[in-house]
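S.K.: So that we are looking at the same thing, I have put the structure below in structure tokens.
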Amino acid sequence: KAIELAVAAESLGFGSVWAGDSILARPRLEALTTLAAIAARTQRVRLGTAVLLPALRNPVILANEVANLDLLSQGRVVLGVGIGSRSEPVQREFDSCGVSFAHRVSIYEEGLTIMRRLWSEPEVTFPGRHFQLKDVSLGLRPVQEPGIPLWMAGTVDAAHRRMLRLGDGWFPNPPTAQAFTEGWDRIKQLAAETGEDAGRLHRCVYTTLNINEDAALAEKELRAFIEGYYGAPFETASRTQSVCAGTAEKCASWVRSFVDAGAETVVIRFGGPDQAGQLQKCSQEVLPNI
């Protein structure tokens, strides 16, 4: 079904399709193999992860897998990445995979550094805390040069500084367009302090919609989706994440507010049981009004 939805999204004019990542914390299809299958059935849409947790993988193996996906798709991959939320299911996932949850940030940083170098350098030596490489080179490089774009989730200063050093894009899930604007202003401020160029970062927003002229049903379905997915009250998630339920006009206005605030890409997740129907409604009733 995920592959058929991706094919439909391309036929309807969407610019990209995205796969979430979870090995154990949430049951779903594995992101990279799913995107490889989608790559074989599509020609144009970009293929992204929203978001992958690189710390759960060895960076040499992951760099090779992602480079292979970029080759199969002829340069269509975007790697959305994050460190993993501080929650019990995610911590159990790290423990089960044999990765230190307490050190996941430094593992993440080293892993991204190694991948970027493997994609762009003929040979890599890396004497790190978690990974040690000596004269390592990938057999196959990605199509995109100097490597796969890394779009990074995160809202706090430490995450912003990490993104300015290691990332190619900002990929937040902000509760409002105002929060997105405030976050971007802070990133520009930090960039000025460190001498980095914030302007090179692609700005992307992740949001969850339920589109229905029956506003009460839209709210009900979105609430059930969010609470089932996160195992937490809807009110908790809605304070920290971008969610909107209601008419096509309301959802279009919601998405438009982020575009007006400077978002260059909007990744839309549909919060409800009828994924194909939501895709059609978004294409026909929401996107033309943004």
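Within each chain, counting starts at residue 1; across the structure tokens, chains are named A, B, ... in the order shown, with ligands numbered 1 upward in that order.
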Tell me which protein, DNA and RNA residues are within 8 Å of Ala191 of chain A, counting only C-alpha atoms, leaving out same-chain ones fewer than 5 positions away, and put them as an MDAnalysis selection string.
M.R.: chainID A and resid 161 164 196:198
S.K.: Residues within 12 Å of segment 60-71 of chain A, please, as a PDB file with N, CA, C and O atoms, in the first residue's frame. Count only C-alpha atoms; anything in the same chain fewer than 4 positions from it doesn't count.
M.R.:
ATOM      1  N   ALA A  31      12.626   1.987   6.368  1.00  0.00           N
ATOM      2  CA  ALA A  31      12.604   3.169   5.503  1.00  0.00           C
ATOM      3  C   ALA A  31      13.389   2.989   4.205  1.00  0.00           C
ATOM      4  O   ALA A  31      12.881   3.270   3.113  1.00  0.00           O
ATOM      5  N   LEU A  32      14.632   2.542   4.281  1.00  0.00           N
ATOM      6  CA  LEU A  32      15.485   2.549   3.102  1.00  0.00           C
ATOM      7  C   LEU A  32      15.075   1.495   2.079  1.00  0.00           C
ATOM      8  O   LEU A  32      15.086   1.762   0.871  1.00  0.00           O
ATOM      9  N   THR A  33      14.713   0.301   2.534  1.00  0.00           N
ATOM     10  CA  THR A  33      14.276  -0.712   1.571  1.00  0.00           C
ATOM     11  C   THR A  33      12.928  -0.332   0.953  1.00  0.00           C
ATOM     12  O   THR A  33      12.674  -0.604  -0.227  1.00  0.00           O
ATOM     13  N   THR A  34      12.066   0.309   1.735  1.00  0.00           N
ATOM     14  CA  THR A  34      10.794   0.785   1.194  1.00  0.00           C
ATOM     15  C   THR A  34      11.026   1.842   0.128  1.00  0.00           C
ATOM     16  O   THR A  34      10.406   1.822  -0.948  1.00  0.00           O
ATOM     17  N   LEU A  35      11.930   2.784   0.401  1.00  0.00           N
ATOM     18  CA  LEU A  35      12.232   3.827  -0.577  1.00  0.00           C
ATOM     19  C   LEU A  35      12.896   3.249  -1.823  1.00  0.00           C
ATOM     20  O   LEU A  35      12.704   3.757  -2.935  1.00  0.00           O
ATOM     21  N   ALA A  36      13.665   2.170  -1.658  1.00  0.00           N
ATOM     22  CA  ALA A  36      14.259   1.508  -2.828  1.00  0.00           C
ATOM     23  C   ALA A  36      13.166   0.928  -3.724  1.00  0.00           C
ATOM     24  O   ALA A  36      13.228   1.029  -4.957  1.00  0.00           O
ATOM     25  N   ALA A  37      12.153   0.322  -3.103  1.00  0.00           N
ATOM     26  CA  ALA A  37      11.032  -0.209  -3.882  1.00  0.00           C
ATOM     27  C   ALA A  37      10.279   0.918  -4.575  1.00  0.00           C
ATOM     28  O   ALA A  37       9.872   0.788  -5.742  1.00  0.00           O
ATOM     29  N   ILE A  38      10.103   2.026  -3.867  1.00  0.00           N
ATOM     30  CA  ILE A  38       9.419   3.180  -4.457  1.00  0.00           C
ATOM     31  C   ILE A  38      10.246   3.767  -5.599  1.00  0.00           C
ATOM     32  O   ILE A  38       9.696   4.192  -6.632  1.00  0.00           O
ATOM     33  N   ALA A  39      11.562   3.777  -5.440  1.00  0.00           N
ATOM     34  CA  ALA A  39      12.434   4.299  -6.500  1.00  0.00           C
ATOM     35  C   ALA A  39      12.230   3.550  -7.803  1.00  0.00           C
ATOM     36  O   ALA A  39      12.293   4.130  -8.893  1.00  0.00           O
ATOM     37  N   ALA A  40      11.986   2.241  -7.696  1.00  0.00           N
ATOM     38  CA  ALA A  40      11.807   1.417  -8.895  1.00  0.00           C
ATOM     39  C   ALA A  40      10.469   1.669  -9.579  1.00  0.00           C
ATOM     40  O   ALA A  40      10.308   1.331 -10.757  1.00  0.00           O
ATOM     41  N   ARG A  46      11.268  13.135  -5.201  1.00  0.00           N
ATOM     42  CA  ARG A  46      12.393  12.932  -4.302  1.00  0.00           C
ATOM     43  C   ARG A  46      11.989  11.918  -3.235  1.00  0.00           C
ATOM     44  O   ARG A  46      10.797  11.774  -2.902  1.00  0.00           O
ATOM     45  N   LEU A  47      12.975  11.225  -2.676  1.00  0.00           N
ATOM     46  CA  LEU A  47      12.739  10.145  -1.724  1.00  0.00           C
ATOM     47  C   LEU A  47      13.413  10.512  -0.412  1.00  0.00           C
ATOM     48  O   LEU A  47      14.641  10.617  -0.343  1.00  0.00           O
ATOM     49  N   GLY A  48      12.609  10.701   0.640  1.00  0.00           N
ATOM     50  CA  GLY A  48      13.181  11.183   1.890  1.00  0.00           C
ATOM     51  C   GLY A  48      12.833  10.340   3.090  1.00  0.00           C
ATOM     52  O   GLY A  48      11.854   9.579   3.088  1.00  0.00           O
ATOM     53  N   THR A  49      13.635  10.483   4.144  1.00  0.00           N
ATOM     54  CA  THR A  49      13.356   9.856   5.433  1.00  0.00           C
ATOM     55  C   THR A  49      12.919  10.933   6.414  1.00  0.00           C
ATOM     56  O   THR A  49      13.537  11.982   6.508  1.00  0.00           O
ATOM     57  N   LEU A  52      15.162   9.533   9.862  1.00  0.00           N
ATOM     58  CA  LEU A  52      15.983   8.364  10.155  1.00  0.00           C
ATOM     59  C   LEU A  52      16.828   8.619  11.397  1.00  0.00           C
ATOM     60  O   LEU A  52      17.265   9.752  11.636  1.00  0.00           O
ATOM     61  N   LEU A  53      17.080   7.559  12.180  1.00  0.00           N
ATOM     62  CA  LEU A  53      17.959   7.664  13.346  1.00  0.00           C
ATOM     63  C   LEU A  53      19.293   7.006  13.006  1.00  0.00           C
ATOM     64  O   LEU A  53      19.467   5.794  13.161  1.00  0.00           O
ATOM     65  N   PRO A  54      20.268   7.774  12.511  1.00  0.00           N
ATOM     66  CA  PRO A  54      21.528   7.179  12.062  1.00  0.00           C
ATOM     67  C   PRO A  54      22.316   6.505  13.171  1.00  0.00           C
ATOM     68  O   PRO A  54      23.092   5.578  12.899  1.00  0.00           O
ATOM     69  N   ALA A  55      22.134   6.944  14.413  1.00  0.00           N
ATOM     70  CA  ALA A  55      22.914   6.373  15.507  1.00  0.00           C
ATOM     71  C   ALA A  55      22.635   4.891  15.711  1.00  0.00           C
ATOM     72  O   ALA A  55      23.445   4.180  16.313  1.00  0.00           O
ATOM     73  N   LEU A  56      21.512   4.403  15.196  1.00  0.00           N
ATOM     74  CA  LEU A  56      21.182   2.984  15.340  1.00  0.00           C
ATOM     75  C   LEU A  56      21.920   2.102  14.336  1.00  0.00           C
ATOM     76  O   LEU A  56      21.792   0.880  14.393  1.00  0.00           O
ATOM     77  N   GLY A  75      19.789   9.884  -8.028  1.00  0.00           N
ATOM     78  CA  GLY A  75      20.059  11.140  -7.325  1.00  0.00           C
ATOM     79  C   GLY A  75      18.858  11.822  -6.718  1.00  0.00           C
ATOM     80  O   GLY A  75      18.816  13.054  -6.640  1.00  0.00           O
ATOM     81  N   ARG A  76      17.904  11.039  -6.212  1.00  0.00           N
ATOM     82  CA  ARG A  76      16.668  11.648  -5.680  1.00  0.00           C
ATOM     83  C   ARG A  76      16.558  11.598  -4.156  1.00  0.00           C
ATOM     84  O   ARG A  76      15.510  11.946  -3.602  1.00  0.00           O
ATOM     85  N   VAL A  77      17.604  11.213  -3.444  1.00  0.00           N
ATOM     86  CA  VAL A  77      17.484  10.946  -2.004  1.00  0.00           C
ATOM     87  C   VAL A  77      17.759  12.200  -1.168  1.00  0.00           C
ATOM     88  O   VAL A  77      18.689  12.958  -1.437  1.00  0.00           O
ATOM     89  N   VAL A  78      16.938  12.384  -0.139  1.00  0.00           N
ATOM     90  CA  VAL A  78      17.177  13.351   0.932  1.00  0.00           C
ATOM     91  C   VAL A  78      17.130  12.576   2.236  1.00  0.00           C
ATOM     92  O   VAL A  78      16.172  11.829   2.483  1.00  0.00           O
ATOM     93  N   LEU A  79      18.146  12.734   3.072  1.00  0.00           N
ATOM     94  CA  LEU A  79      18.177  12.011   4.339  1.00  0.00           C
ATOM     95  C   LEU A  79      17.797  12.970   5.468  1.00  0.00           C
ATOM     96  O   LEU A  79      18.592  13.809   5.886  1.00  0.00           O
ATOM     97  N   GLY A  80      16.529  12.850   5.915  1.00  0.00           N
ATOM     98  CA  GLY A  80      16.123  13.560   7.116  1.00  0.00           C
ATOM     99  C   GLY A  80      16.586  12.762   8.321  1.00  0.00           C
ATOM    100  O   GLY A  80      16.328  11.557   8.402  1.00  0.00           O
ATOM    101  N   GLU A 110      29.349  11.772  15.182  1.00  0.00           N
ATOM    102  CA  GLU A 110      30.459  11.061  14.535  1.00  0.00           C
ATOM    103  C   GLU A 110      29.974  10.335  13.279  1.00  0.00           C
ATOM    104  O   GLU A 110      30.652  10.346  12.241  1.00  0.00           O
ATOM    105  N   GLY A 111      28.811   9.708  13.377  1.00  0.00           N
ATOM    106  CA  GLY A 111      28.291   8.957  12.240  1.00  0.00           C
ATOM    107  C   GLY A 111      28.026   9.843  11.039  1.00  0.00           C
ATOM    108  O   GLY A 111      28.390   9.494   9.900  1.00  0.00           O
ATOM    109  N   LEU A 112      27.415  11.006  11.269  1.00  0.00           N
ATOM    110  CA  LEU A 112      27.147  11.921  10.156  1.00  0.00           C
ATOM    111  C   LEU A 112      28.442  12.439   9.539  1.00  0.00           C
ATOM    112  O   LEU A 112      28.555  12.570   8.310  1.00  0.00           O
ATOM    113  N   THR A 113      29.410  12.750  10.392  1.00  0.00           N
ATOM    114  CA  THR A 113      30.703  13.225   9.890  1.00  0.00           C
ATOM    115  C   THR A 113      31.356  12.176   8.993  1.00  0.00           C
ATOM    116  O   THR A 113      31.870  12.484   7.907  1.00  0.00           O
ATOM    117  N   ILE A 114      31.322  10.932   9.438  1.00  0.00           N
ATOM    118  CA  ILE A 114      31.914   9.839   8.656  1.00  0.00           C
ATOM    119  C   ILE A 114      31.182   9.667   7.331  1.00  0.00           C
ATOM    120  O   ILE A 114      31.815   9.534   6.270  1.00  0.00           O
ATOM    121  N   MET A 115      29.862   9.684   7.353  1.00  0.00           N
ATOM    122  CA  MET A 115      29.111   9.494   6.116  1.00  0.00           C
ATOM    123  C   MET A 115      29.398  10.595   5.112  1.00  0.00           C
ATOM    124  O   MET A 115      29.625  10.324   3.923  1.00  0.00           O
ATOM    125  N   ARG A 116      29.413  11.833   5.580  1.00  0.00           N
ATOM    126  CA  ARG A 116      29.686  12.943   4.661  1.00  0.00           C
ATOM    127  C   ARG A 116      31.064  12.776   4.019  1.00  0.00           C
ATOM    128  O   ARG A 116      31.224  13.037   2.814  1.00  0.00           O
ATOM    129  N   ARG A 117      32.034  12.357   4.796  1.00  0.00           N
ATOM    130  CA  ARG A 117      33.377  12.191   4.257  1.00  0.00           C
ATOM    131  C   ARG A 117      33.458  11.000   3.298  1.00  0.00           C
ATOM    132  O   ARG A 117      34.104  11.086   2.250  1.00  0.00           O
ATOM    133  N   LEU A 118      32.798   9.903   3.636  1.00  0.00           N
ATOM    134  CA  LEU A 118      32.819   8.737   2.753  1.00  0.00           C
ATOM    135  C   LEU A 118      32.176   9.041   1.402  1.00  0.00           C
ATOM    136  O   LEU A 118      32.587   8.502   0.368  1.00  0.00           O
ATOM    137  N   TRP A 119      31.142   9.879   1.401  1.00  0.00           N
ATOM    138  CA  TRP A 119      30.468  10.224   0.155  1.00  0.00           C
ATOM    139  C   TRP A 119      31.293  11.163  -0.728  1.00  0.00           C
ATOM    140  O   TRP A 119      31.052  11.235  -1.924  1.00  0.00           O
ATOM    141  N   SER A 120      32.254  11.878  -0.138  1.00  0.00           N
ATOM    142  CA  SER A 120      32.928  12.933  -0.899  1.00  0.00           C
ATOM    143  C   SER A 120      34.438  12.770  -1.014  1.00  0.00           C
ATOM    144  O   SER A 120      35.060  13.426  -1.853  1.00  0.00           O
ATOM    145  N   VAL A 124      39.128   7.675   3.720  1.00  0.00           N
ATOM    146  CA  VAL A 124      38.809   8.316   4.992  1.00  0.00           C
ATOM    147  C   VAL A 124      39.515   7.600   6.132  1.00  0.00           C
ATOM    148  O   VAL A 124      39.422   6.374   6.274  1.00  0.00           O
ATOM    149  N   THR A 125      40.222   8.398   6.938  1.00  0.00           N
ATOM    150  CA  THR A 125      40.763   7.938   8.219  1.00  0.00           C
ATOM    151  C   THR A 125      40.088   8.764   9.301  1.00  0.00           C
ATOM    152  O   THR A 125      40.036   9.996   9.212  1.00  0.00           O
ATOM    153  N   PHE A 126      39.543   8.092  10.308  1.00  0.00           N
ATOM    154  CA  PHE A 126      38.762   8.788  11.327  1.00  0.00           C
ATOM    155  C   PHE A 126      39.031   8.165  12.691  1.00  0.00           C
ATOM    156  O   PHE A 126      38.544   7.076  12.986  1.00  0.00           O
ATOM    157  N   PHE A 131      33.859   5.433  16.671  1.00  0.00           N
ATOM    158  CA  PHE A 131      34.200   4.753  15.425  1.00  0.00           C
ATOM    159  C   PHE A 131      35.644   5.083  15.037  1.00  0.00           C
ATOM    160  O   PHE A 131      36.064   6.237  15.168  1.00  0.00           O
ATOM    161  N   GLN A 132      36.355   4.079  14.593  1.00  0.00           N
ATOM    162  CA  GLN A 132      37.742   4.268  14.156  1.00  0.00           C
ATOM    163  C   GLN A 132      37.877   3.701  12.742  1.00  0.00           C
ATOM    164  O   GLN A 132      37.613   2.507  12.527  1.00  0.00           O
ATOM    165  N   LEU A 133      38.266   4.554  11.803  1.00  0.00           N
ATOM    166  CA  LEU A 133      38.437   4.141  10.415  1.00  0.00           C
ATOM    167  C   LEU A 133      39.867   4.441   9.978  1.00  0.00           C
ATOM    168  O   LEU A 133      40.427   5.471  10.369  1.00  0.00           O
ATOM    169  N   LYS A 134      40.417   3.566   9.168  1.00  0.00           N
ATOM    170  CA  LYS A 134      41.745   3.801   8.614  1.00  0.00           C
ATOM    171  C   LYS A 134      41.732   3.448   7.125  1.00  0.00           C
ATOM    172  O   LYS A 134      41.485   2.292   6.757  1.00  0.00           O
ATOM    173  N   VAL A 136      39.668   4.046   4.592  1.00  0.00           N
ATOM    174  CA  VAL A 136      38.426   3.419   4.149  1.00  0.00           C
ATOM    175  C   VAL A 136      37.840   4.219   2.983  1.00  0.00           C
ATOM    176  O   VAL A 136      37.803   5.451   3.013  1.00  0.00           O
ATOM    177  N   SER A 137      37.373   3.514   1.968  1.00  0.00           N
ATOM    178  CA  SER A 137      36.702   4.188   0.853  1.00  0.00           C
ATOM    179  C   SER A 137      35.486   3.372   0.438  1.00  0.00           C
ATOM    180  O   SER A 137      35.496   2.143   0.504  1.00  0.00           O
ATOM    181  N   LEU A 138      34.439   4.081   0.020  1.00  0.00           N
ATOM    182  CA  LEU A 138      33.247   3.402  -0.481  1.00  0.00           C
ATOM    183  C   LEU A 138      33.496   2.918  -1.900  1.00  0.00           C
ATOM    184  O   LEU A 138      34.093   3.627  -2.708  1.00  0.00           O
ATOM    185  N   GLY A 139      32.994   1.747  -2.200  1.00  0.00           N
ATOM    186  CA  GLY A 139      33.136   1.242  -3.561  1.00  0.00           C
ATOM    187  C   GLY A 139      32.294   2.022  -4.549  1.00  0.00           C
ATOM    188  O   GLY A 139      32.696   2.247  -5.689  1.00  0.00           O
ATOM    189  N   LEU A 140      31.103   2.460  -4.093  1.00  0.00           N
ATOM    190  CA  LEU A 140      30.197   3.210  -4.951  1.00  0.00           C
ATOM    191  C   LEU A 140      29.815   4.514  -4.273  1.00  0.00           C
ATOM    192  O   LEU A 140      29.416   4.513  -3.108  1.00  0.00           O
ATOM    193  N   ARG A 141      29.928   5.596  -4.994  1.00  0.00           N
ATOM    194  CA  ARG A 141      29.555   6.912  -4.472  1.00  0.00           C
ATOM    195  C   ARG A 141      28.127   7.255  -4.891  1.00  0.00           C
ATOM    196  O   ARG A 141      27.648   6.785  -5.925  1.00  0.00           O
ATOM    197  N   PRO A 142      27.467   8.128  -4.130  1.00  0.00           N
ATOM    198  CA  PRO A 142      26.144   8.580  -4.546  1.00  0.00           C
ATOM    199  C   PRO A 142      26.210   9.427  -5.809  1.00  0.00           C
ATOM    200  O   PRO A 142      27.266   9.973  -6.152  1.00  0.00           O
ATOM    201  N   VAL A 143      25.086   9.529  -6.490  1.00  0.00           N
ATOM    202  CA  VAL A 143      24.998  10.381  -7.678  1.00  0.00           C
ATOM    203  C   VAL A 143      25.188  11.842  -7.301  1.00  0.00           C
ATOM    204  O   VAL A 143      25.883  12.603  -7.986  1.00  0.00           O
ATOM    205  N   GLN A 144      24.556  12.262  -6.204  1.00  0.00           N
ATOM    206  CA  GLN A 144      24.607  13.663  -5.791  1.00  0.00           C
ATOM    207  C   GLN A 144      25.991  14.013  -5.235  1.00  0.00           C
ATOM    208  O   GLN A 144      26.561  13.253  -4.461  1.00  0.00           O
ATOM    209  N   GLU A 145      26.476  15.139  -5.629  1.00  0.00           N
ATOM    210  CA  GLU A 145      27.773  15.611  -5.140  1.00  0.00           C
ATOM    211  C   GLU A 145      27.577  16.895  -4.350  1.00  0.00           C
ATOM    212  O   GLU A 145      26.787  17.755  -4.744  1.00  0.00           O
ATOM    213  N   PRO A 146      28.292  17.054  -3.211  1.00  0.00           N
ATOM    214  CA  PRO A 146      29.306  16.143  -2.669  1.00  0.00           C
ATOM    215  C   PRO A 146      28.754  14.997  -1.837  1.00  0.00           C
ATOM    216  O   PRO A 146      29.512  14.287  -1.176  1.00  0.00           O
ATOM    217  N   GLY A 147      27.437  14.794  -1.867  1.00  0.00           N
ATOM    218  CA  GLY A 147      26.846  13.689  -1.106  1.00  0.00           C
ATOM    219  C   GLY A 147      25.358  13.899  -0.922  1.00  0.00           C
ATOM    220  O   GLY A 147      24.764  14.856  -1.427  1.00  0.00           O
ATOM    221  N   ILE A 148      24.741  13.005  -0.168  1.00  0.00           N
ATOM    222  CA  ILE A 148      23.296  13.062   0.076  1.00  0.00           C
ATOM    223  C   ILE A 148      22.988  14.259   0.985  1.00  0.00           C
ATOM    224  O   ILE A 148      23.631  14.431   2.029  1.00  0.00           O
ATOM    225  N   PRO A 149      21.991  15.094   0.639  1.00  0.00           N
ATOM    226  CA  PRO A 149      21.612  16.181   1.539  1.00  0.00           C
ATOM    227  C   PRO A 149      21.122  15.641   2.882  1.00  0.00           C
ATOM    228  O   PRO A 149      20.326  14.704   2.931  1.00  0.00           O
ATOM    229  N   LEU A 150      21.597  16.258   3.956  1.00  0.00           N
ATOM    230  CA  LEU A 150      21.191  15.898   5.311  1.00  0.00           C
ATOM    231  C   LEU A 150      20.322  17.021   5.871  1.00  0.00           C
ATOM    232  O   LEU A 150      20.796  18.131   6.097  1.00  0.00           O
TER     233      LEU A 150
END
S.K.: Compile the contact shell of segment 232-248 of chain A as a PyMOL selection string: residues with an atom at most 8 Å away, counting only C-alpha atoms, same-chain residues fewer than 5 positions apart removed.
M.R.: chain A and resi 173-176+206-216+218-219+222-223+226-227+254+281-282+285-286
S.K.: May I have the residues from that selection written out with C-alpha atoms, as a PDB file, in the first residue's frame?
M.R.:
ATOM      1  CA  ASN A 173       7.886  19.950  13.258  1.00  0.00           C
ATOM      2  CA  PRO A 174       6.845  23.296  14.789  1.00  0.00           C
ATOM      3  CA  PRO A 175       3.436  23.810  16.441  1.00  0.00           C
ATOM      4  CA  THR A 176       2.854  27.142  14.654  1.00  0.00           C
ATOM      5  CA  TYR A 206       6.808  18.537   8.761  1.00  0.00           C
ATOM      6  CA  THR A 207       3.081  18.719   9.472  1.00  0.00           C
ATOM      7  CA  THR A 208       0.159  16.333  10.016  1.00  0.00           C
ATOM      8  CA  LEU A 209      -3.245  17.005   8.435  1.00  0.00           C
ATOM      9  CA  ASN A 210      -6.714  15.508   8.434  1.00  0.00           C
ATOM     10  CA  ILE A 211      -8.824  17.101   5.693  1.00  0.00           C
ATOM     11  CA  ASN A 212     -12.595  16.801   5.987  1.00  0.00           C
ATOM     12  CA  GLU A 213     -15.551  19.150   5.564  1.00  0.00           C
ATOM     13  CA  ASP A 214     -16.909  17.451   8.694  1.00  0.00           C
ATOM     14  CA  ALA A 215     -14.637  19.252  11.151  1.00  0.00           C
ATOM     15  CA  ALA A 216     -15.685  17.104  14.099  1.00  0.00           C
ATOM     16  CA  ALA A 218     -11.471  15.393  11.136  1.00  0.00           C
ATOM     17  CA  GLU A 219     -10.630  16.231  14.753  1.00  0.00           C
ATOM     18  CA  LEU A 222      -6.544  13.121  13.906  1.00  0.00           C
ATOM     19  CA  ARG A 223      -6.790  12.708  17.677  1.00  0.00           C
ATOM     20  CA  ILE A 226      -1.791  10.964  17.117  1.00  0.00           C
ATOM     21  CA  GLU A 227      -2.694   9.235  20.375  1.00  0.00           C
ATOM     22  CA  TRP A 254      -2.354  26.233   7.804  1.00  0.00           C
ATOM     23  CA  LYS A 281      -8.241  15.669  -1.077  1.00  0.00           C
ATOM     24  CA  CYS A 282      -4.876  17.293  -0.444  1.00  0.00           C
ATOM     25  CA  GLU A 285      -8.588  20.825  -2.555  1.00  0.00           C
ATOM     26  CA  VAL A 286      -5.576  21.970  -0.505  1.00  0.00           C
TER      27      VAL A 286
END
S.K.: To one decimal in Å, tell me the separation between atom CA of Leu190 of chain A and atom CA of Gly84 of chain A.
M.R.: 23.0 Å
S.K.: Nearest to Ile268 of chain A: which of A:Ala9, A:Val90, A:Ile107, A:Ala179 is it, counting only C-alpha atoms?
M.R.: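 Residue with the minimum atom-to-atom distance to Ile268 of chain A: A:Ala9.
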S.K.: Which of these residues is nearest to Gly228 of chain A, using only C-alpha atoms: A:Gln284, A:Trp184, A:Phe171, A:Arg26?
M.R.: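 Using only C-alpha atoms, Gly228 of chain A sits closest to A:Arg26.
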S.K.: Within segment 172-218 of chain A, find each residue whose DSSP state, derived from the backbone, is strand (DSSP E or B), and express the selection as a ChimeraX atom specification.
M.R.: /A:202-211
S.K.: Please produce a file of those selected residues containing all heavy atoms, as a short mmCIF file (atom, residue, chain, number, x, y, z; two decimals), in the first residue's frame.
M.R.:
data_model
loop_
_atom_site.label_atom_id
_atom_site.label_comp_id
_atom_site.auth_asym_id
_atom_site.auth_seq_id
_atom_site.Cartn_x
_atom_site.Cartn_y
_atom_site.Cartn_z
N HIS A 202 18.38 24.42 3.47
CA HIS A 202 17.02 24.28 2.95
C HIS A 202 16.06 24.25 4.14
O HIS A 202 16.30 23.55 5.12
CB HIS A 202 16.90 22.99 2.14
CG HIS A 202 15.61 22.88 1.39
ND1 HIS A 202 15.48 23.28 0.08
CD2 HIS A 202 14.39 22.42 1.76
CE1 HIS A 202 14.24 23.08 -0.32
NE2 HIS A 202 13.55 22.55 0.68
N ARG A 203 14.97 24.99 4.04
CA ARG A 203 14.00 25.07 5.14
C ARG A 203 12.78 24.22 4.82
O ARG A 203 12.09 24.47 3.84
CB ARG A 203 13.60 26.52 5.38
CG ARG A 203 14.66 27.35 6.10
CD ARG A 203 14.43 28.82 5.89
NE ARG A 203 14.80 29.23 4.53
CZ ARG A 203 14.46 30.38 3.96
NH1 ARG A 203 13.71 31.24 4.63
NH2 ARG A 203 14.85 30.68 2.74
N CYS A 204 12.56 23.23 5.65
CA CYS A 204 11.46 22.28 5.45
C CYS A 204 10.63 22.19 6.72
O CYS A 204 11.16 22.33 7.82
CB CYS A 204 12.03 20.91 5.09
SG CYS A 204 10.79 19.63 4.81
N VAL A 205 9.34 21.99 6.56
CA VAL A 205 8.43 21.82 7.70
C VAL A 205 7.72 20.47 7.57
O VAL A 205 7.31 20.07 6.47
CB VAL A 205 7.39 22.95 7.76
CG1 VAL A 205 6.23 22.59 8.67
CG2 VAL A 205 8.03 24.24 8.24
N TYR A 206 7.57 19.80 8.68
CA TYR A 206 6.81 18.54 8.76
C TYR A 206 5.49 18.84 9.45
O TYR A 206 5.48 19.44 10.54
CB TYR A 206 7.63 17.53 9.57
CG TYR A 206 7.07 16.13 9.63
CD1 TYR A 206 7.56 15.14 8.78
CD2 TYR A 206 6.11 15.77 10.56
CE1 TYR A 206 7.08 13.84 8.85
CE2 TYR A 206 5.63 14.48 10.64
CZ TYR A 206 6.12 13.52 9.78
OH TYR A 206 5.65 12.23 9.84
N THR A 207 4.38 18.45 8.86
CA THR A 207 3.08 18.72 9.47
C THR A 207 2.15 17.54 9.26
O THR A 207 2.34 16.74 8.33
CB THR A 207 2.45 20.01 8.89
OG1 THR A 207 1.32 20.39 9.68
CG2 THR A 207 2.04 19.84 7.44
N THR A 208 1.14 17.41 10.11
CA THR A 208 0.16 16.33 10.02
C THR A 208 -1.22 16.94 9.81
O THR A 208 -1.64 17.82 10.58
CB THR A 208 0.16 15.46 11.28
OG1 THR A 208 1.49 14.97 11.51
CG2 THR A 208 -0.79 14.29 11.14
N LEU A 209 -1.93 16.47 8.77
CA LEU A 209 -3.25 17.00 8.44
C LEU A 209 -4.30 15.90 8.46
O LEU A 209 -4.01 14.74 8.18
CB LEU A 209 -3.25 17.61 7.02
CG LEU A 209 -2.24 18.68 6.66
CD1 LEU A 209 -2.47 19.13 5.22
CD2 LEU A 209 -2.28 19.85 7.61
N ASN A 210 -5.54 16.31 8.75
CA ASN A 210 -6.71 15.51 8.43
C ASN A 210 -7.71 16.46 7.78
O ASN A 210 -8.17 17.42 8.40
CB ASN A 210 -7.34 14.85 9.66
CG ASN A 210 -8.46 13.89 9.27
OD1 ASN A 210 -9.50 14.29 8.77
ND2 ASN A 210 -8.22 12.61 9.50
N ILE A 211 -8.01 16.20 6.51
CA ILE A 211 -8.82 17.10 5.69
C ILE A 211 -10.23 16.53 5.58
O ILE A 211 -10.42 15.44 5.05
CB ILE A 211 -8.21 17.27 4.29
CG1 ILE A 211 -6.71 17.59 4.38
CG2 ILE A 211 -8.94 18.32 3.49
CD1 ILE A 211 -5.93 17.19 3.15
#
S.K.: Separation of atom CA of Asp95 of chain A and atom CA of Arg57 of chain A, in Å?
M.R.: 12.8 Å
S.K.: So how far away is atom CA of Leu5 of chain A from atom CA of Val45 of chain A, in Å?
M.R.: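 Separation between atom CA of Val45 of chain A and atom CA of Leu5 of chain A: 12.2 Å.
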S.K.: What residues in segment 16-182 of chain A get the DSSP label helix (DSSP H, G or I)? Please answer as a ChimeraX atom specification.
M.R.: /A:31-41,54-56,59-72,88-96,104-120,157-166,177-182
S.K.: Please list as number ranges by chain every residue within 9 Å of Ala153 of chain A, counting only C-alpha atoms and excluding residues in the same chain fewer than 3 positions away.
M.R.: A: 50-51, 80-83, 159-160, 163, 169-173
S.K.: Please identify all polymer residues within 12 Å of Ala276 of chain A, counting only C-alpha atoms, omitting same-chain residues fewer than 2 positions from it, and present them as an MDAnalysis selection string.
M.R.: chainID A and resid 1:9 12 210:211 269:274 278:283
S.K.: So which residues touch Arg162 of chain A within 9 Å, counting only C-alpha atoms, skipping near sequence neighbours fewer than 5 positions away, as a PyMOL selection string?
M.R.: chain A and resi 109+152+157+167
S.K.: Grab the residues selected above and save them as a compact mmCIF listing (two decimals), in the first residue's frame with N, CA and C atoms.
M.R.:
# COMPACT_ATOMS: atom_id res chain seq x y z
N GLU A 109 26.68 12.45 15.85
CA GLU A 109 27.58 13.43 15.24
C GLU A 109 28.74 12.75 14.53
N MET A 152 18.10 18.17 9.07
CA MET A 152 18.19 17.79 10.47
C MET A 152 17.05 18.36 11.30
N ASP A 157 19.12 25.07 20.88
CA ASP A 157 20.35 25.66 20.36
C ASP A 157 21.41 24.62 19.99
N GLY A 167 24.78 19.90 8.70
CA GLY A 167 23.57 19.70 7.91
C GLY A 167 23.48 20.54 6.66
